[in-house]
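Following: one structure in structure tokens, then a few remarks.
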Amino acid sequence: MARIGVFVCHCGENIGRTVDCARVANELRDLPGVAHSVDYKYMCSDPGQSIVKQAIREKNLDGVIVAACSPHMHEKTFRRAVASEGLNPFLAEMANIREHCSWIHEDREKATDKAIEVCRSIVEKVKHNVPLETIRIPVTKRALVIGAGIAGIQAALDIADGGVEVVVVEKDPSIGGHMSQLSETFPTLDCSQCILTPRMVELYQHPNVKLITYAEVEEVSGYIGNFKVKIRQKARSVDADKCNGCGACAKACPNKKVPSEFDTGLGTRTAIYVPFPQAVPNIPVIDRAACALFRGRAKGLKKEACAKCREACSREAIDYDQQDTFIMQDIGAIVVATGYQLYSIGKDQPAGLTGYGEYGYGTIPDVIDGMQFERLASASGPTGGRIVRPSDGKEPKRIVFLQCIGSRDPAKGIEYCSKICCMYVAKHTMLYKHKVHDGQATVFYMDIRAAGKGYEEFTRRAIEEDGARYIRGRVSRLYRDGEVIKVQAFDTLSGEPILMDADMVVLATAMRPQPGIQLLAQTLSASYDQHGFFNEAHPKLRPVETNTAGIFLAGACQSPRDIPDSVAMASATAAKVLGMFSKDQLEREPTVARVDVSLCAGCFHCERVCPYGAITHLEIRDRKGNLVKVVADVNPGVCQGCGTCQATCPSKSVELSGFTDEQIYAAINALVL
Amino acid sequence: MRIGYYPGCSLHATSREFDESLRATAVALDVELAEIDDWSCCGATSGHATSHLLSVALPARNLALAEEQGMQEVLAPCAACYNRLASASHSLREDAGLEIKIKEILARPFANTVRVRNVMELYRSLIPQITEKSAGRLKGMKVACYYGCLLVRPPGVLAFDDAEQPTSMDEICRATGATSVDWNLKVECCGGAFSLSRTASVIRLGRAILEDARKAGAEALIVACPMCHSNLDFRQSAMTQSGETPMPVLFLSELVGMGLGLSARDMGMKRHFVNTGPIEKRATETAAQVAAEAAAKAAKAAETAAKATAQAGTAPAGKGVA
Amino acid sequence: MSTSGAHGHATAPATLAAELRGKTGQNPAECYQCGKCSAGCPMAVETLLRPHDVMRLIGGDRRETLLEGESIWLCLTCEACTARCPNGCDPARMIDALREMSVARAPRAVGAFHRSFLDQVKANGRMFEFGLVLEYKLRSGKLLNDVFSTPGMISRGLLKFVPSPIKGVADVRRIFAACEREAARDLHASGADGRDQ
Amino acid sequence: MAETSNGAFEPKVTAFVCNWCTYTGADLAGTSRLQMSPNVRIIRLPCTGRIDPLFIVKAFERGADGVIVSGCHPADCHYTSGNYHARRRFALFLELAGFMGIDPKRITFSWVSASEGGKWRDVVNDTVTRVRELGPFTAYRELAGKP
Ligand SMILES: Cc1cc2nc3c(=O)[nH]c(=O)nc-3n(C[C@H](O)[C@H](O)[C@H](O)COP(=O)(O)OP(=O)(O)OC[C@H]3O[C@@H](n4cnc5c(N)ncnc54)[C@H](O)[C@@H]3O)c2cc1C
Ligand SMILES: Cc1cc2nc3c(=O)[nH]c(=O)nc-3n(C[C@H](O)[C@H](O)[C@H](O)COP(=O)(O)OP(=O)(O)OC[C@H]3O[C@@H](n4cnc5c(N)ncnc54)[C@H](O)[C@@H]3O)c2cc1C
Ligand code: SF4
Ligand code: SF4
Ligand code: SF4
Ligand code: SF4
Ligand code: SF4
Ligand code: SF4
Ligand code: SF4
Ligand code: SF4
């Protein structure tokens with residue numbers, strides 16, 4: 001027989017005025033299994049808590065009910081008190097007779113009746129409570145940052161400065177991301193390289209950072225505090241330990257006409273290359289698809305078609321036979337900072353998107369995108385910072401910018417606003433005016449969205465000081481007429497049709513998530529939205545966490561973000577990671593699900609409904625090692641205790657500790673008699 | 001190949017040459033056009049400008065007839081008819097309520113199974129035959145393919161080609177050996193619907209189209225819509241400034257016919273308002289040139305083959321002169 | 001109070017937007033006034049209300065301006081607007097629906113041309129151009145501009161003088177009758193005919 | 001079912017609510033001293049996702065005259081999608097309720113957030129009023145042959 005103690009609180013007058021606390025205590029005392037029942041003026045006060053402790057000792061209680069305020073208020077208080085007497089804290093529960101009773105009813109008799117029923121229900125539940133242990137998870141204090149754009153760099157540096165080891169995995173040969181391609185940056189127009197390069201170098205040299213470039217995350221297993229990560233180091237064809245970055249190899253390479261990704265196809269590079277002069281690390285890689293030697297090998301040539309780079313390298317760093325290798329890492333927390341790509345207006349698009357035939361599907365040479373404009377405007381770009389037309393190298397005197405291309409366009413592209421293009425278009429008009437003094441910039445826009453510190457002032461400056469002409473209306477068509485581009489538009493504010501001649505047109509195309517990022521999300525069991533951006537756990541209160549414990553977000557992988565936003569997120573993420581690492585063990589409530597493997601039929605309905613991907617497959621084998629069956633298994637590190645699995649399980653084989661069917665039925669049965 | 005045929009009102013009257021040339025090419029390409037017996041008007045612009053229901057019911061009657069007469073596909077050469085028939089069929093598939101209403105009005109069995117095709121789709125499927133039979137006869141002739149609006153829009157309904165940068169007509173023209181020029185106003189509207197009621201608009205729009213085609217170096221404008229044709233052909237004098245050479249406006253079927261070597265007379269081309277004489281002459285010239293080139297090539301091949309035989313001394317006679 | 005609604009209870013007068021939504025299945029509120037439709041509209045230089053204006057005025061419930069004005073009749077139905085609308089609106093369809101409403105409330109306002117055309121179809125099952133010319137002349141007092149009067153047309157054998165009704169002309173007339181009945185019913189149900197006060 | 005001393009029918013309503021939204025909303029109603037019908041008893045669960053339709057059947061079987069199920073608003077689930085699964089389950093259950101002899105009008109599904117104390121009061125009062133009109137739920141007792 002259970003030995004349960006009931007403690008009814010008056011809360012001064014708060015409960016006592018409406019509920020006859022003495023009567024509650026008396027009636028409860030007569031319940032089977034109740035060994036002790038008293039009422040007191042302030043249960044949460046020190047003397048009140050002492051009453052509870054004393055009763056546990058003296059009456060040898062094995063369960064405690066405090067009938068008082070909301071458990072959200074004092075459940076922790078009483079569980080602590082109970083634990084101090086050596087009783088398992090999860091054997092104590094509260095019955096809410098204040099917020100849910102005395103405060104909302106006037107009729108003393110009815111309120112008292114209700115209080116008695118509520119207490120009785122909790123008593124019945126507690127009879128079925130079992131001791132539970134707070135879950136403690138060990139933490140590997142090493143973070144992984146995936147993607148080294150400005151967001152990844154900032155997050156890694158902040159974490160590393162906190163004294164924790166960080167592994168940074170970047171898929172490209174160099175870190176820096178899109179920011180390294182930008183010319184000058186809004187809202188202050190500082191030079192992108194000037195503020196970014198020092199941070200890149202700092203990351204490279206930081207004693208706590210292990211930087212792995214030209215690499216991708218291949219597999220992730222485990223859970224918060226205890227991830228095992230497999231990283232594929234792609235073959236560079238250059239031995240990074242031997243190379244000193246002298247650049248002799250690239251100079252020797254005969255294949256100089258490969259379109260440069262970094263220069264968005266406006267410039268060229270060699271087959272062995274570093275993406276840009278300030279690249280970190282300054283170690284080249286061979287683009288095997290473009291290299292004569294590898295093409296020769298693919299064709300089955302016996303002799304090496306070229307080996308000029310090896311001949312040029314005095315350090316014997318070139319290694320044509322290098323293979324992809326794998327690196328395993330134990331990781332406690334993961335920061336995703338994979339950034340974005342730009343929407344292309346071309347004909348070939350992923351499912352659900354279409355290109356812009358009315359703008360020529362990207363075939364008109366002097367219709368470029370915003371990133372190409374950045375490269376043209378960049379002092380280190382293919383034109384040395386001169387803004388000229390790709391077709392004939394002439395300086396455009398009439399330049400037209402189209403905003404919201406691909407964005408806010410459910411019919412062809414995506415419905416969201418890319419958030420940064422209004423700003424960078426304003427920036428582009430300024431950069432243009434600063435370089436082409438006699439030129440005219442015209443912007444076709446729908447709305448100007450410049451909500452940030454100094455942003456509105458910035459766009460106004462483009463209009464008021466730098467003479468950019470803003471026309472409200474989406475352009476219908478672009479077409480070539482000899483050397484000029486015809487812009488067919490409508491000024492919705494003046495009500496006038498427009499057919500304008502332009503020498504160059506810049507499309508502010510939408511920000512989209514990186515290609516293939518869904519695959520990474522699945523590897524991480526993190527969720528993503530319908531566009532492929534990573535989902536934050538809560539848009540307001542948990543913006544840098546994912547729903548998967550231990551996985552965090554920074555930068556444009558979560559939604560379109562500019563640099564200030566990306567950096568703020570990155571630092572916030574670092575704070576989260578460091579906070580997590582400040583403890584040796586993670587503690588969490590033991591409210592997690594458990595599977596009874598003898599009952600489980602292996603239907604995996606639970607797996608499908610679990611919001612956290614906490615359910616895994618467990619193979620049951622006999623002693624000879626033959627597979628008997630596959631059942632569900634809950635990873636307690638991942639389970640958050642919602643109980644959806646239990647309600648879904650057809651055979652009731654999975655149970656949520658603290659809220660088992662037995663406990664709930666007992667509570668229901670006691671309520672309605 | 002046999003395909004249902006819905007000529008529509010224009011092809012029976014103002015655009016008879018479209019009908020005639022189409023039938024002539026069909027014969028040449030072994031296609032049997034089975035005219036829907038007792039077809040009625042699709043309602044055209046007037047139908048849908050005044051009653052959505054009527055604009056679906058009139059085409060539906062014809063689709064039902066085609067079905068009764070065992071046709072799976074119906075060719076509607078007139079762009080307006082094509083657009084109306086295809087749109088009606090699409091609306092009926094999308095809107096179950098409308099389908100019930102229409103079935104009630106038609107009072108005849110109707111399952112909406114017939115697929116509506118335009119001339120471009122027909123010819124596109126025959127490109128290998130056209131290429132073969134025309135043997136590059138129109139090589140060097142520069143034409144501007146004009147699609148207009150009715151054949152490509154709305155994109156969701158008439159999805160046989162890209163709505164902004166269509167290419168089917170260009171591909172067909174190229175099959176005859178002609179060059180299709182790159183120009184800008186391929187899918188701009190010529191104002192067809194106002195042909196009769198608002199001439200000034202039509203002239204403004206048509207002029208821009210002709211100018212752009214001319215600028216691109218086209219010798220003729222190729223169309224696949226009777227309304228485009230009557231606008232750009234009949235009204236061209238008003239669209240052209242003095243000193244500009246007139247631009248013949250040919251139905252796609254006429255161009256294909258010329259490629260196949262059919263006579264302009266058989267295709268009713270004499271009915272055009274802009275004189276087609278010059279372009280017919282060009283066709284004859286290019287054909288002659290192509291033939292001469294082919295002959296020269298054959299002769300050369302024969303010569304080398306003969307040389308080879310002479311050298312080898314053993315090859316049987318006639319080999320290599322295929 | 002009208003009780004002619006399908007469910008037998010009176011309804012508040014619908015907004016123009018709601019009415020058009022019912023007729024076309026398209027929600028006019030989806031138009032965010034970007035102007036791309038008007039940018040590509042071949043009639044934008046001539047008409048007073050461009051497609052984006054039409055969409056705007058629908059939202060503003062400006063029934064009179066839209067139905068009485070000339071603009072809705074100055075649309076070519078080329079669907080450039082619809083094809084390029086970034087938000088999936090269909091101004092061409094909206095304009096068609098407005099024309100239908102305009103015809104329904106005041107039959108004489110219909111372009112004489114459309115009436116003449118449809119009368120030909122109703123009479124013969126097909127369009128008969130010479131008849132069309134005569135009808136139009138009778139209705140509008142104008143010659144059908146110049147097209148069919150052109151000697152060129154006649155000499156080229158492009159005009160037919162004698163109507164030849166199709167066999168199933170009764171069929172076609174029945175279709176017309178059914179559609180007219182339907183239109184009358186709609187009009188009455190919507191109370192938009194202005195005759196119920 | 002219960003009867004007061006004067007014999008009037010006093011419905012008994014069991015409420016299954018999630019810990020994060022509705023339970024907290026009910027706390028707020030208390031803090032705000034919003035008076036409401038005393039006929040409802042709350043059972044607290046982590047998430048509506050945890051609520052098995054059999055709980056509802058059980059409550060009716062034990063003598064409840066009405067049931068409330070309430071959790072977070074659709075997009076606000078503390079566990080992101082637990083309530084989404086719950087909704088699908090309850091939609092199915094409602095279709096079956098009649099078949100099981102339970103008038104669906106006896107069951108209230110609602111969303112009450114942590115800040116909707118007033119809404120919670122309305123849900124409670126409306127449900128009690130409705131169930132009062134429907135009268136005592138006796139189907140299962142009659143089945144069991146009890147008075
Ligand atoms: C034309 C243009 C102009 C702009 N101008 C400005 C401006 O003036 N001011 C401003 O504040 N912002 C500007 N921005 C926005 C700015 O580019 C972004 O805010 C910023 O680059 C976002 O940084 P990020 O680190 O989140 O992403 P990114 O810069 O995209 O970096 C992501 C990194 O992750 C790597 N990566 C991706 N996938 C993987 C993977 N699976 N594994 C490993 N690594 C991976 C990528 O290679 C890349 O290095 C501009 C953007 C554009 C398009
Ligand atoms: C009408 C309106 C509607 C909004 N709706 C939304 C919405 O729907 N969604 C959304 O995301 N955001 C919304 N916001 C914005 C939201 O209110 C703010 O983003 C948020 O409150 C900012 O939080 P905070 O902590 O920075 O500032 P505050 O909320 O202003 O808190 C600052 C605190 O500091 C205290 N304080 C000030 N000075 C001192 C001092 N010298 N010493 C000690 N304490 C001090 C203040 O008393 C106050 O408690 C809305 C804002 C407005 C005006
Ligand atoms: S030549 Fe050798 S050392 Fe120099 S950059 Fe190339 S690989 Fe490195
Ligand atoms: S092998 Fe030749 S082509 Fe290849 S990277 Fe080296 S130098 Fe360039
Ligand atoms: S930020 Fe400006 S340009 Fe970019 S999608 Fe949003 S509104 Fe359009
Ligand atoms: S000031 Fe406020 S209301 Fe005005 S644009 Fe900015 S955010 Fe919007
Ligand atoms: S739902 Fe139940 S039976 Fe099915 S796999 Fe999960 S625990 Fe096992
Ligand atoms: S309780 Fe919730 S989080 Fe835990 S395993 Fe079950 S469904 Fe997943
Ligand atoms: S293009 Fe579409 S959204 Fe834009 S104004 Fe026209 S109808 Fe409205
Ligand atoms: S359909 Fe009418 S409104 Fe739309 S673009 Fe064509 S002419 Fe203009």
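The way I read the labels, and the way they are meant: chains A, B, ... in the order of the structure tokens, residue 1 as the first residue of every chain, and ligand 1 as the first ligand shown, with later ones counted on from there.
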Name all residues at most 9 Å from Leu185 (chain B) (count only C-alpha atoms; drop same-chain ones fewer than 6 positions away) and give them as number ranges by chain. A: 479; B: 146-148, 208-209, 212-213
Can you write out the residues you just picked, keeping all heavy atoms, as a short mmCIF file (atom, residue, chain, number, x, y, z; two decimals), in the first residue's frame?
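Here's the written file result28.cif:
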data_model
loop_
_atom_site.label_atom_id
_atom_site.label_comp_id
_atom_site.auth_asym_id
_atom_site.auth_seq_id
_atom_site.Cartn_x
_atom_site.Cartn_y
_atom_site.Cartn_z
N TYR A 479 14.63 43.37 -74.18
CA TYR A 479 15.06 42.77 -75.43
C TYR A 479 16.12 43.62 -76.09
O TYR A 479 16.27 44.80 -75.79
CB TYR A 479 13.89 42.48 -76.36
CG TYR A 479 13.04 43.67 -76.74
CD1 TYR A 479 13.34 44.45 -77.86
CD2 TYR A 479 11.90 43.98 -76.01
CE1 TYR A 479 12.54 45.51 -78.22
CE2 TYR A 479 11.09 45.04 -76.36
CZ TYR A 479 11.41 45.81 -77.45
OH TYR A 479 10.62 46.87 -77.81
N TYR B 146 6.75 34.71 -86.52
CA TYR B 146 5.93 35.53 -85.63
C TYR B 146 4.84 34.65 -85.02
O TYR B 146 4.01 34.10 -85.72
CB TYR B 146 5.33 36.69 -86.44
CG TYR B 146 4.36 37.51 -85.64
CD1 TYR B 146 4.79 38.19 -84.51
CD2 TYR B 146 3.01 37.59 -85.99
CE1 TYR B 146 3.91 38.92 -83.73
CE2 TYR B 146 2.11 38.32 -85.23
CZ TYR B 146 2.57 38.98 -84.10
OH TYR B 146 1.68 39.68 -83.33
N TYR B 147 4.87 34.52 -83.71
CA TYR B 147 3.93 33.63 -83.01
C TYR B 147 2.70 34.37 -82.54
O TYR B 147 1.63 33.78 -82.38
CB TYR B 147 4.60 32.98 -81.80
CG TYR B 147 5.77 32.10 -82.14
CD1 TYR B 147 7.00 32.65 -82.49
CD2 TYR B 147 5.66 30.71 -82.11
CE1 TYR B 147 8.08 31.83 -82.81
CE2 TYR B 147 6.74 29.90 -82.42
CZ TYR B 147 7.94 30.47 -82.77
OH TYR B 147 9.00 29.67 -83.07
N GLY B 148 2.85 35.66 -82.25
CA GLY B 148 1.71 36.41 -81.72
C GLY B 148 1.36 35.93 -80.33
O GLY B 148 2.16 35.30 -79.65
N ALA B 208 5.22 48.28 -85.59
CA ALA B 208 6.36 47.94 -84.74
C ALA B 208 6.87 46.54 -85.08
O ALA B 208 8.09 46.31 -85.16
CB ALA B 208 5.96 48.01 -83.27
N ILE B 209 5.94 45.64 -85.31
CA ILE B 209 6.34 44.26 -85.60
C ILE B 209 7.10 44.19 -86.93
O ILE B 209 8.18 43.60 -87.03
CB ILE B 209 5.09 43.36 -85.62
CG1 ILE B 209 4.57 43.21 -84.18
CG2 ILE B 209 5.39 42.00 -86.23
CD1 ILE B 209 3.17 42.67 -84.08
N ASP B 212 10.62 45.72 -86.70
CA ASP B 212 11.62 44.90 -86.00
C ASP B 212 12.07 43.74 -86.88
O ASP B 212 13.24 43.41 -86.93
CB ASP B 212 11.05 44.40 -84.66
CG ASP B 212 12.15 43.89 -83.74
OD1 ASP B 212 13.11 44.66 -83.50
OD2 ASP B 212 12.07 42.74 -83.30
N ALA B 213 11.10 43.14 -87.58
CA ALA B 213 11.44 42.00 -88.45
C ALA B 213 12.37 42.48 -89.56
O ALA B 213 13.34 41.81 -89.91
CB ALA B 213 10.17 41.39 -89.02
#
Can you tell me which residues sit at most 6 Å away from ligand 9, counting only C-alpha atoms and all ligand atoms, written as a ChimeraX atom specification? /C:31-37,52,85-87,89,91
12 Å from ligand 2 is the threshold here; counting only C-alpha atoms and all ligand atoms, which polymer residues fall inside it? Answer as a count of residues only. 5
Give me the chain C side of the contact with ligand 10, cut-off 12 Å, one line per residue showing its nearest atom pair and distance in Å at one decimal, counting only C-alpha atoms and all ligand atoms, sorted by chain and residue number, as JSON lines.
{"residue": "C:Gly35", "atom": "CA", "partner": "ligand 10", "partner_atom_place_in_ligand_line": "5 (S)", "distance": 11.0}
{"residue": "C:Lys36", "atom": "CA", "partner": "ligand 10", "partner_atom_place_in_ligand_line": "5 (S)", "distance": 9.6}
{"residue": "C:Cys37", "atom": "CA", "partner": "ligand 10", "partner_atom_place_in_ligand_line": "5 (S)", "distance": 6.2}
{"residue": "C:Ser38", "atom": "CA", "partner": "ligand 10", "partner_atom_place_in_ligand_line": "5 (S)", "distance": 6.6}
{"residue": "C:Ala39", "atom": "CA", "partner": "ligand 10", "partner_atom_place_in_ligand_line": "5 (S)", "distance": 8.4}
{"residue": "C:Gly40", "atom": "CA", "partner": "ligand 10", "partner_atom_place_in_ligand_line": "5 (S)", "distance": 6.0}
{"residue": "C:Cys41", "atom": "CA", "partner": "ligand 10", "partner_atom_place_in_ligand_line": "5 (S)", "distance": 3.5}
{"residue": "C:Pro42", "atom": "CA", "partner": "ligand 10", "partner_atom_place_in_ligand_line": "7 (S)", "distance": 5.6}
{"residue": "C:Met43", "atom": "CA", "partner": "ligand 10", "partner_atom_place_in_ligand_line": "7 (S)", "distance": 5.2}
{"residue": "C:Ala44", "atom": "CA", "partner": "ligand 10", "partner_atom_place_in_ligand_line": "8 (Fe)", "distance": 6.6}
{"residue": "C:Val45", "atom": "CA", "partner": "ligand 10", "partner_atom_place_in_ligand_line": "8 (Fe)", "distance": 10.0}
{"residue": "C:Glu46", "atom": "CA", "partner": "ligand 10", "partner_atom_place_in_ligand_line": "7 (S)", "distance": 10.1}
{"residue": "C:Thr47", "atom": "CA", "partner": "ligand 10", "partner_atom_place_in_ligand_line": "8 (Fe)", "distance": 9.0}
{"residue": "C:Leu48", "atom": "CA", "partner": "ligand 10", "partner_atom_place_in_ligand_line": "3 (S)", "distance": 11.2}
{"residue": "C:Leu49", "atom": "CA", "partner": "ligand 10", "partner_atom_place_in_ligand_line": "3 (S)", "distance": 9.0}
{"residue": "C:Arg50", "atom": "CA", "partner": "ligand 10", "partner_atom_place_in_ligand_line": "3 (S)", "distance": 6.4}
{"residue": "C:Pro51", "atom": "CA", "partner": "ligand 10", "partner_atom_place_in_ligand_line": "3 (S)", "distance": 4.8}
{"residue": "C:His52", "atom": "CA", "partner": "ligand 10", "partner_atom_place_in_ligand_line": "3 (S)", "distance": 8.4}
{"residue": "C:Asp53", "atom": "CA", "partner": "ligand 10", "partner_atom_place_in_ligand_line": "3 (S)", "distance": 9.9}
{"residue": "C:Val54", "atom": "CA", "partner": "ligand 10", "partner_atom_place_in_ligand_line": "3 (S)", "distance": 8.7}
{"residue": "C:Met55", "atom": "CA", "partner": "ligand 10", "partner_atom_place_in_ligand_line": "3 (S)", "distance": 10.2}
{"residue": "C:Ser71", "atom": "CA", "partner": "ligand 10", "partner_atom_place_in_ligand_line": "3 (S)", "distance": 9.2}
{"residue": "C:Ile72", "atom": "CA", "partner": "ligand 10", "partner_atom_place_in_ligand_line": "3 (S)", "distance": 8.1}
{"residue": "C:Trp73", "atom": "CA", "partner": "ligand 10", "partner_atom_place_in_ligand_line": "2 (Fe)", "distance": 8.9}
{"residue": "C:Leu74", "atom": "CA", "partner": "ligand 10", "partner_atom_place_in_ligand_line": "7 (S)", "distance": 7.0}
{"residue": "C:Cys75", "atom": "CA", "partner": "ligand 10", "partner_atom_place_in_ligand_line": "2 (Fe)", "distance": 3.7}
{"residue": "C:Leu76", "atom": "CA", "partner": "ligand 10", "partner_atom_place_in_ligand_line": "7 (S)", "distance": 4.1}
{"residue": "C:Thr77", "atom": "CA", "partner": "ligand 10", "partner_atom_place_in_ligand_line": "1 (S)", "distance": 3.5}
{"residue": "C:Cys78", "atom": "CA", "partner": "ligand 10", "partner_atom_place_in_ligand_line": "6 (Fe)", "distance": 3.9}
{"residue": "C:Glu79", "atom": "CA", "partner": "ligand 10", "partner_atom_place_in_ligand_line": "1 (S)", "distance": 3.8}
{"residue": "C:Ala80", "atom": "CA", "partner": "ligand 10", "partner_atom_place_in_ligand_line": "5 (S)", "distance": 4.4}
{"residue": "C:Cys81", "atom": "CA", "partner": "ligand 10", "partner_atom_place_in_ligand_line": "5 (S)", "distance": 4.2}
{"residue": "C:Thr82", "atom": "CA", "partner": "ligand 10", "partner_atom_place_in_ligand_line": "4 (Fe)", "distance": 6.4}
{"residue": "C:Ala83", "atom": "CA", "partner": "ligand 10", "partner_atom_place_in_ligand_line": "5 (S)", "distance": 8.8}
{"residue": "C:Arg84", "atom": "CA", "partner": "ligand 10", "partner_atom_place_in_ligand_line": "5 (S)", "distance": 9.2}
{"residue": "C:Cys85", "atom": "CA", "partner": "ligand 10", "partner_atom_place_in_ligand_line": "4 (Fe)", "distance": 10.0}
{"residue": "C:Cys89", "atom": "CA", "partner": "ligand 10", "partner_atom_place_in_ligand_line": "4 (Fe)", "distance": 10.9}
{"residue": "C:Asp90", "atom": "CA", "partner": "ligand 10", "partner_atom_place_in_ligand_line": "4 (Fe)", "distance": 8.4}
{"residue": "C:Pro91", "atom": "CA", "partner": "ligand 10", "partner_atom_place_in_ligand_line": "4 (Fe)", "distance": 6.1}
{"residue": "C:Ala92", "atom": "CA", "partner": "ligand 10", "partner_atom_place_in_ligand_line": "1 (S)", "distance": 4.5}
{"residue": "C:Arg93", "atom": "CA", "partner": "ligand 10", "partner_atom_place_in_ligand_line": "1 (S)", "distance": 8.1}
{"residue": "C:Met94", "atom": "CA", "partner": "ligand 10", "partner_atom_place_in_ligand_line": "3 (S)", "distance": 9.3}
{"residue": "C:Ile95", "atom": "CA", "partner": "ligand 10", "partner_atom_place_in_ligand_line": "3 (S)", "distance": 7.3}
{"residue": "C:Asp96", "atom": "CA", "partner": "ligand 10", "partner_atom_place_in_ligand_line": "2 (Fe)", "distance": 9.1}
{"residue": "C:Arg99", "atom": "CA", "partner": "ligand 10", "partner_atom_place_in_ligand_line": "2 (Fe)", "distance": 11.9}
Where does DSSP see alpha helix (DSSP H) in chain D, if you list the residues as JSON, numbers by chain? {"D": [22, 23, 24, 25, 26, 27, 28, 29, 30, 31, 53, 54, 55, 56, 57, 58, 59, 60, 61, 82, 83, 84, 85, 86, 87, 88, 89, 90, 91, 92, 93, 94, 95, 96, 97, 117, 118, 119, 120, 121, 122, 123, 124, 125, 126, 127, 128, 129, 130, 131, 132, 133, 134, 139, 140, 141, 142, 143]}
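Taking only C-alpha atoms and all ligand atoms into account, every polymer residue with at least one atom at most 6 Å away from ligand 5 is listed here: A:Gln403, A:Cys404, A:Ser407, A:Arg408, A:Cys417, A:Ser418, A:Lys419, A:Ile420, A:Cys421, A:Cys422, A:Asp447, A:Ile448, A:Arg449.
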Saved selection, atoms kept: N, CA, C and O atoms, as a short mmCIF file (atom, residue, chain, number, x, y, z; two decimals), in the first residue's frame:
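Okay, this is what ended up in selection-v6.cif:
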data_model
loop_
_atom_site.label_atom_id
_atom_site.label_comp_id
_atom_site.auth_asym_id
_atom_site.auth_seq_id
_atom_site.Cartn_x
_atom_site.Cartn_y
_atom_site.Cartn_z
N GLN A 403 14.72 45.25 -59.47
CA GLN A 403 14.64 44.63 -58.14
C GLN A 403 13.64 43.47 -58.14
O GLN A 403 12.84 43.32 -59.04
N CYS A 404 13.69 42.70 -57.06
CA CYS A 404 12.75 41.60 -56.84
C CYS A 404 12.73 40.60 -58.00
O CYS A 404 11.67 40.16 -58.43
N SER A 407 12.37 36.98 -56.47
CA SER A 407 11.74 37.16 -55.17
C SER A 407 10.35 37.72 -55.34
O SER A 407 10.05 38.37 -56.33
N ARG A 408 9.51 37.52 -54.37
CA ARG A 408 8.17 38.07 -54.35
C ARG A 408 7.47 37.76 -55.68
O ARG A 408 6.75 38.59 -56.23
N CYS A 417 10.55 37.72 -49.71
CA CYS A 417 11.37 38.88 -50.04
C CYS A 417 12.81 38.55 -49.64
O CYS A 417 13.05 38.05 -48.56
N SER A 418 13.75 38.81 -50.53
CA SER A 418 15.14 38.44 -50.25
C SER A 418 15.85 39.41 -49.31
O SER A 418 17.00 39.21 -48.95
N LYS A 419 15.20 40.44 -48.95
CA LYS A 419 15.60 41.29 -47.83
C LYS A 419 16.83 42.16 -48.03
O LYS A 419 16.96 43.21 -47.42
N ILE A 420 17.79 41.71 -48.85
CA ILE A 420 19.02 42.50 -48.96
C ILE A 420 19.13 43.25 -50.27
O ILE A 420 19.93 44.16 -50.41
N CYS A 421 18.33 42.84 -51.28
CA CYS A 421 18.56 43.39 -52.62
C CYS A 421 18.21 44.87 -52.70
O CYS A 421 18.87 45.62 -53.42
N CYS A 422 17.18 45.32 -51.98
CA CYS A 422 16.88 46.76 -51.98
C CYS A 422 18.12 47.53 -51.58
O CYS A 422 18.44 48.57 -52.15
N ASP A 447 8.78 48.00 -53.91
CA ASP A 447 8.79 48.69 -52.63
C ASP A 447 10.25 48.81 -52.28
O ASP A 447 11.05 47.99 -52.71
N ILE A 448 10.61 49.80 -51.49
CA ILE A 448 11.98 49.84 -51.00
C ILE A 448 11.95 49.39 -49.55
O ILE A 448 11.31 50.02 -48.71
N ARG A 449 12.61 48.29 -49.30
CA ARG A 449 12.60 47.74 -47.95
C ARG A 449 13.96 47.97 -47.34
O ARG A 449 14.90 47.24 -47.61
#
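Shell of region 69-86 of chain D at 7 Å, with only C-alpha atoms counted and residues fewer than 3 places along the chain excluded, is Val609, Pro611, Cys642 and Thr644 of chain A; Ala15, Phe16, Val17, Cys18, Trp20, Cys21, Thr22, Cys47, Thr48, Gly49, Arg89, Phe90, Thr108, Phe109, Ser110, Trp111, Val112 and Ser113 of chain D.
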